[in-house]
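Student: Pasting in a structure now, in structure tokens, and then I'll have a few things to ask.
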Amino acid sequence: MKKLLGLVIALVLVGFYAQGAGAVGFNERARSYVGWEEYYLGYSPVNESTWMVVKWSKDWNFPFGEDSPEGAWIAVHFTWYTNDISVGFFGHEEGPLVYWGDPDTIPDAKYRVEEYSKVMILNNPGKHIEKGAFPANNLGFPFPDDAYVVHWSVEVYNATTGELLFEFTLVPSSS
């Protein structure tokens, strides 16, 4: 399932890059967002430091899923650069985050971090909780009580060589 999720995310990313600069921003018809974190969430620890690709199901009530039906979902892919992965959540804090400013370049940084997550509306979350899912509102965003993080993984790469240094799955994919 993890490989399938990775393939889907890769295909979405290739599609966005193939569309060029016109694909940046919100695309309501495609139910997607491509761009900087602060333009989506309204803030970021460091502006133009975290790139996001977001996709949501047609029945997901944007932005956080309030009153969405069972099975509605949102998937997010974050990319950021850092010089210290031991600070904060794999370096995603103001101090170690590296200003990026241009998604077509690689900034002067030690590490590139890729984070993949999926949040889903679940009326009966028991089997997902057994696999590690947890309430999405624990992330500090206004998700409804029936929204759960059903997948969350982080990959850390050498920013210069692109070599995968390690990966960590916080919540195995359960859907």
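Each chain of the structure tokens is named A, B, ... in the order shown, its residues numbered from 1; ligands are numbered from 1 in display order.
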Dump as CSV the rows for residues of range 58-79 of chain A within 9 Å of range 145-150 of chain A: closest atom pair and distance in Å with one decimal, only C-alpha atoms counted, ordered by chain and rising residue number.
Tutor:
residue,atom,partner,partner_atom,distance
A:Phe64,CA,A:Ala147,CA,8.7
A:Gly65,CA,A:Ala147,CA,7.5
A:Glu66,CA,A:Ala147,CA,8.7
A:Glu70,CA,A:Asp146,CA,8.6
A:Trp73,CA,A:Ala147,CA,8.6
Student: If we count only C-alpha atoms and set the cut-off at 8 Å, which residues sit around Thr79 in chain A, ignoring sequence neighbours fewer than 2 positions away in its own chain? Please answer as a list in words.
Tutor: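 Surrounding residues, per the criterion: Thr50, Trp51, Met52, His77, Tyr81, Arg112, Val113, Glu114 and Glu115 of chain A.
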Student: Report the distance between CA of Asp67 in chain A and CA of Pro142 in chain A in Å, rounded to one decimal place.
Tutor: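 One can read the CA of Asp67 in chain A to CA of Pro142 in chain A distance as 12.2 Å.
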Student: For His92 in chain A, which of A:Val76, A:Val46, A:Leu122, A:Ala133 is the closest residue, counting only C-alpha atoms?
Tutor: A:Val46
Student: Which of these residues is nearest to Pro63 in chain A, using only C-alpha atoms: A:Lys110, A:His151, A:Arg31, A:Lys131?
Tutor: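 Using only C-alpha atoms, Pro63 in chain A sits closest to A:Arg31.
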Student: Write out as a ChimeraX atom specification the residues lying within 12 Å of range 165-168 of chain A, counting only C-alpha atoms and excluding same-chain residues fewer than 2 positions away.
Tutor: /A:85,89-90,110-116,151-163,170-172
Student: Put those residues in a file: N, CA and C atoms, as a JSON list (two decimals), in the first residue's frame.
Tutor:
[["chain", "number", "residue", "atom", "x", "y", "z"],
["A", 85, "ILE", "N", 18.24, 18.51, 11.44],
["A", 85, "ILE", "CA", 17.03, 17.68, 11.55],
["A", 85, "ILE", "C", 16.72, 17.28, 12.99],
["A", 89, "PHE", "N", 10.27, 19.17, 14.65],
["A", 89, "PHE", "CA", 9.84, 17.97, 13.95],
["A", 89, "PHE", "C", 10.67, 17.83, 12.68],
["A", 90, "PHE", "N", 11.76, 17.09, 12.79],
["A", 90, "PHE", "CA", 12.69, 16.88, 11.68],
["A", 90, "PHE", "C", 13.15, 18.21, 11.08],
["A", 110, "LYS", "N", 21.65, 21.28, 4.18],
["A", 110, "LYS", "CA", 22.18, 19.93, 4.37],
["A", 110, "LYS", "C", 21.15, 18.85, 4.03],
["A", 111, "TYR", "N", 19.88, 19.11, 4.36],
["A", 111, "TYR", "CA", 18.87, 18.08, 4.24],
["A", 111, "TYR", "C", 17.63, 18.58, 3.50],
["A", 112, "ARG", "N", 17.01, 17.67, 2.74],
["A", 112, "ARG", "CA", 15.68, 17.90, 2.16],
["A", 112, "ARG", "C", 14.75, 16.92, 2.85],
["A", 113, "VAL", "N", 13.64, 17.42, 3.35],
["A", 113, "VAL", "CA", 12.68, 16.58, 4.05],
["A", 113, "VAL", "C", 11.39, 16.53, 3.24],
["A", 114, "GLU", "N", 10.89, 15.31, 3.05],
["A", 114, "GLU", "CA", 9.63, 15.07, 2.34],
["A", 114, "GLU", "C", 8.67, 14.43, 3.34],
["A", 115, "GLU", "N", 7.52, 15.03, 3.51],
["A", 115, "GLU", "CA", 6.53, 14.52, 4.46],
["A", 115, "GLU", "C", 5.25, 14.23, 3.70],
["A", 116, "TYR", "N", 4.70, 13.05, 3.90],
["A", 116, "TYR", "CA", 3.46, 12.64, 3.25],
["A", 116, "TYR", "C", 2.43, 12.32, 4.34],
["A", 151, "HIS", "N", -2.34, 8.09, 7.51],
["A", 151, "HIS", "CA", -0.99, 7.82, 7.00],
["A", 151, "HIS", "C", -0.13, 9.04, 7.27],
["A", 152, "TRP", "N", 1.13, 8.79, 7.69],
["A", 152, "TRP", "CA", 2.06, 9.88, 7.92],
["A", 152, "TRP", "C", 3.47, 9.30, 7.86],
["A", 153, "SER", "N", 4.22, 9.72, 6.88],
["A", 153, "SER", "CA", 5.61, 9.26, 6.76],
["A", 153, "SER", "C", 6.52, 10.43, 6.42],
["A", 154, "VAL", "N", 7.78, 10.29, 6.79],
["A", 154, "VAL", "CA", 8.78, 11.33, 6.58],
["A", 154, "VAL", "C", 10.02, 10.68, 5.97],
["A", 155, "GLU", "N", 10.56, 11.32, 4.94],
["A", 155, "GLU", "CA", 11.80, 10.87, 4.32],
["A", 155, "GLU", "C", 12.80, 12.01, 4.40],
["A", 156, "VAL", "N", 14.05, 11.70, 4.78],
["A", 156, "VAL", "CA", 15.09, 12.72, 4.88],
["A", 156, "VAL", "C", 16.19, 12.36, 3.89],
["A", 157, "TYR", "N", 16.55, 13.33, 3.05],
["A", 157, "TYR", "CA", 17.54, 13.15, 1.99],
["A", 157, "TYR", "C", 18.73, 14.09, 2.20],
["A", 158, "ASN", "N", 19.88, 13.71, 1.69],
["A", 158, "ASN", "CA", 21.00, 14.62, 1.57],
["A", 158, "ASN", "C", 20.59, 15.63, 0.51],
["A", 159, "ALA", "N", 20.58, 16.91, 0.84],
["A", 159, "ALA", "CA", 20.08, 17.93, -0.09],
["A", 159, "ALA", "C", 20.96, 18.07, -1.33],
["A", 160, "THR", "N", 22.23, 17.78, -1.20],
["A", 160, "THR", "CA", 23.16, 17.94, -2.33],
["A", 160, "THR", "C", 23.13, 16.74, -3.27],
["A", 161, "THR", "N", 23.19, 15.53, -2.70],
["A", 161, "THR", "CA", 23.28, 14.33, -3.54],
["A", 161, "THR", "C", 21.92, 13.70, -3.83],
["A", 162, "GLY", "N", 20.91, 14.01, -3.02],
["A", 162, "GLY", "CA", 19.60, 13.39, -3.18],
["A", 162, "GLY", "C", 19.51, 12.00, -2.57],
["A", 163, "GLU", "N", 20.57, 11.55, -1.91],
["A", 163, "GLU", "CA", 20.59, 10.22, -1.30],
["A", 163, "GLU", "C", 19.61, 10.17, -0.12],
["A", 170, "LEU", "N", 5.26, 7.28, 10.78],
["A", 170, "LEU", "CA", 4.60, 7.52, 12.06],
["A", 170, "LEU", "C", 3.26, 6.79, 12.11],
["A", 171, "VAL", "N", 2.55, 6.76, 10.99],
["A", 171, "VAL", "CA", 1.28, 6.05, 10.89],
["A", 171, "VAL", "C", 1.29, 5.27, 9.59],
["A", 172, "PRO", "N", 1.34, 3.94, 9.67],
["A", 172, "PRO", "CA", 1.29, 3.16, 8.42],
["A", 172, "PRO", "C", -0.03, 3.38, 7.69]]
Student: If you run DSSP on the backbone here, which positions in range 22-137 of chain A get alpha helix (DSSP H)? Please write them as a list of chain:residue names.
Tutor: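 Restricting range 22-137 of chain A to alpha helix (DSSP H) produces A:Glu37, A:Glu38, A:Tyr39, A:Tyr40, A:Leu41, A:Gly126, A:Lys127, A:His128, A:Ile129, A:Glu130.
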Student: Go ahead and compute the interatomic distance for CA of Glu48 in chain A and CA of Asp102 in chain A, in Å to one decimal.
Tutor: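 It comes out at 7.9 Å.
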Student: To one decimal in Å, tell me the separation between CA of Asp84 in chain A and CA of Leu97 in chain A.
Tutor: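 One can read the CA of Asp84 in chain A to CA of Leu97 in chain A distance as 8.1 Å.
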Student: Could you go through range 63-165 of chain A and tell me which residues DSSP, when run on the backbone, assigns to strand (DSSP E or B), listing them as a PyMOL selection string?
Tutor: chain A and resi 73-82+97+111-121+134-135+147-158+164-165
Student: Could you dump the residues just selected with N, CA and C atoms as an mmCIF file, in the first residue's frame?
Tutor:
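Result saved to out-v4.cif:
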data_model
loop_
_atom_site.group_PDB
_atom_site.id
_atom_site.type_symbol
_atom_site.label_atom_id
_atom_site.label_comp_id
_atom_site.auth_asym_id
_atom_site.auth_seq_id
_atom_site.Cartn_x
_atom_site.Cartn_y
_atom_site.Cartn_z
ATOM 1 N N TRP A 73 -11.387 12.582 2.175
ATOM 2 C CA TRP A 73 -9.977 12.625 2.554
ATOM 3 C C TRP A 73 -9.261 13.841 1.962
ATOM 4 N N ILE A 74 -8.118 14.125 2.555
ATOM 5 C CA ILE A 74 -7.180 15.127 2.041
ATOM 6 C C ILE A 74 -5.778 14.537 2.199
ATOM 7 N N ALA A 75 -4.955 14.678 1.165
ATOM 8 C CA ALA A 75 -3.581 14.175 1.195
ATOM 9 C C ALA A 75 -2.636 15.350 0.979
ATOM 10 N N VAL A 76 -1.546 15.379 1.747
ATOM 11 C CA VAL A 76 -0.612 16.496 1.696
ATOM 12 C C VAL A 76 0.813 15.966 1.552
ATOM 13 N N HIS A 77 1.568 16.636 0.697
ATOM 14 C CA HIS A 77 3.002 16.347 0.540
ATOM 15 C C HIS A 77 3.735 17.656 0.809
ATOM 16 N N PHE A 78 4.519 17.689 1.886
ATOM 17 C CA PHE A 78 5.346 18.845 2.234
ATOM 18 C C PHE A 78 6.778 18.573 1.798
ATOM 19 N N THR A 79 7.476 19.603 1.333
ATOM 20 C CA THR A 79 8.911 19.530 1.079
ATOM 21 C C THR A 79 9.551 20.755 1.699
ATOM 22 N N TRP A 80 10.612 20.545 2.490
ATOM 23 C CA TRP A 80 11.361 21.674 3.027
ATOM 24 C C TRP A 80 12.824 21.280 3.164
ATOM 25 N N TYR A 81 13.649 22.289 3.339
ATOM 26 C CA TYR A 81 15.091 22.101 3.522
ATOM 27 C C TYR A 81 15.481 22.605 4.904
ATOM 28 N N THR A 82 16.470 21.942 5.492
ATOM 29 C CA THR A 82 16.914 22.302 6.829
ATOM 30 C C THR A 82 18.398 21.960 6.979
ATOM 31 N N LEU A 97 14.924 25.869 9.565
ATOM 32 C CA LEU A 97 14.331 25.917 8.227
ATOM 33 C C LEU A 97 15.149 26.831 7.329
ATOM 34 N N TYR A 111 19.884 19.114 4.362
ATOM 35 C CA TYR A 111 18.868 18.077 4.241
ATOM 36 C C TYR A 111 17.628 18.576 3.501
ATOM 37 N N ARG A 112 17.012 17.671 2.742
ATOM 38 C CA ARG A 112 15.680 17.899 2.161
ATOM 39 C C ARG A 112 14.749 16.918 2.855
ATOM 40 N N VAL A 113 13.639 17.418 3.345
ATOM 41 C CA VAL A 113 12.677 16.584 4.054
ATOM 42 C C VAL A 113 11.392 16.527 3.239
ATOM 43 N N GLU A 114 10.886 15.308 3.050
ATOM 44 C CA GLU A 114 9.626 15.073 2.340
ATOM 45 C C GLU A 114 8.673 14.430 3.342
ATOM 46 N N GLU A 115 7.519 15.032 3.510
ATOM 47 C CA GLU A 115 6.530 14.519 4.455
ATOM 48 C C GLU A 115 5.246 14.232 3.700
ATOM 49 N N TYR A 116 4.699 13.048 3.902
ATOM 50 C CA TYR A 116 3.458 12.639 3.253
ATOM 51 C C TYR A 116 2.435 12.324 4.339
ATOM 52 N N SER A 117 1.223 12.851 4.191
ATOM 53 C CA SER A 117 0.189 12.528 5.162
ATOM 54 C C SER A 117 -1.178 12.475 4.489
ATOM 55 N N LYS A 118 -2.052 11.718 5.108
ATOM 56 C CA LYS A 118 -3.430 11.612 4.620
ATOM 57 C C LYS A 118 -4.355 11.665 5.823
ATOM 58 N N VAL A 119 -5.381 12.509 5.722
ATOM 59 C CA VAL A 119 -6.396 12.638 6.763
ATOM 60 C C VAL A 119 -7.708 12.179 6.147
ATOM 61 N N MET A 120 -8.470 11.391 6.907
ATOM 62 C CA MET A 120 -9.724 10.839 6.396
ATOM 63 C C MET A 120 -10.819 10.962 7.451
ATOM 64 N N ILE A 121 -12.038 11.191 6.982
ATOM 65 C CA ILE A 121 -13.198 11.209 7.872
ATOM 66 C C ILE A 121 -13.613 9.765 8.130
ATOM 67 N N PHE A 134 -4.614 8.539 14.408
ATOM 68 C CA PHE A 134 -4.941 9.367 15.566
ATOM 69 C C PHE A 134 -5.771 10.562 15.099
ATOM 70 N N PRO A 135 -6.501 11.203 16.026
ATOM 71 C CA PRO A 135 -7.340 12.346 15.639
ATOM 72 C C PRO A 135 -6.511 13.452 14.991
ATOM 73 N N ALA A 147 -12.156 13.319 11.999
ATOM 74 C CA ALA A 147 -11.048 13.308 11.032
ATOM 75 C C ALA A 147 -9.832 12.653 11.697
ATOM 76 N N TYR A 148 -9.225 11.695 10.994
ATOM 77 C CA TYR A 148 -8.087 10.959 11.537
ATOM 78 C C TYR A 148 -6.915 10.959 10.558
ATOM 79 N N VAL A 149 -5.704 11.052 11.100
ATOM 80 C CA VAL A 149 -4.505 10.884 10.301
ATOM 81 C C VAL A 149 -4.371 9.374 10.097
ATOM 82 N N VAL A 150 -4.523 8.916 8.834
ATOM 83 C CA VAL A 150 -4.461 7.482 8.542
ATOM 84 C C VAL A 150 -3.140 7.090 7.879
ATOM 85 N N HIS A 151 -2.339 8.086 7.505
ATOM 86 C CA HIS A 151 -0.990 7.815 7.001
ATOM 87 C C HIS A 151 -0.133 9.045 7.272
ATOM 88 N N TRP A 152 1.126 8.786 7.692
ATOM 89 C CA TRP A 152 2.062 9.877 7.917
ATOM 90 C C TRP A 152 3.467 9.303 7.858
ATOM 91 N N SER A 153 4.225 9.720 6.877
ATOM 92 C CA SER A 153 5.606 9.259 6.764
ATOM 93 C C SER A 153 6.516 10.427 6.420
ATOM 94 N N VAL A 154 7.781 10.292 6.794
ATOM 95 C CA VAL A 154 8.776 11.333 6.576
ATOM 96 C C VAL A 154 10.019 10.682 5.969
ATOM 97 N N GLU A 155 10.558 11.317 4.938
ATOM 98 C CA GLU A 155 11.802 10.868 4.321
ATOM 99 C C GLU A 155 12.800 12.014 4.402
ATOM 100 N N VAL A 156 14.051 11.704 4.781
ATOM 101 C CA VAL A 156 15.091 12.717 4.882
ATOM 102 C C VAL A 156 16.194 12.356 3.885
ATOM 103 N N TYR A 157 16.553 13.333 3.046
ATOM 104 C CA TYR A 157 17.545 13.154 1.993
ATOM 105 C C TYR A 157 18.726 14.090 2.199
ATOM 106 N N ASN A 158 19.878 13.711 1.688
ATOM 107 C CA ASN A 158 21.000 14.619 1.568
ATOM 108 C C ASN A 158 20.591 15.629 0.505
ATOM 109 N N LEU A 164 18.772 9.116 -0.099
ATOM 110 C CA LEU A 164 17.863 8.906 1.019
ATOM 111 C C LEU A 164 18.674 8.513 2.241
ATOM 112 N N LEU A 165 18.584 9.303 3.304
ATOM 113 C CA LEU A 165 19.332 9.032 4.530
ATOM 114 C C LEU A 165 18.538 8.150 5.477
#
Student: Rank A:Phe26, A:Pro45, A:Gly132, A:Phe141 by their smallest atom-to-atom distance to Gly95 in chain A, using only C-alpha atoms, and report the top residue only.
Tutor: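 Once distances to Gly95 in chain A are computed over only C-alpha atoms, the minimum belongs to A:Pro45.
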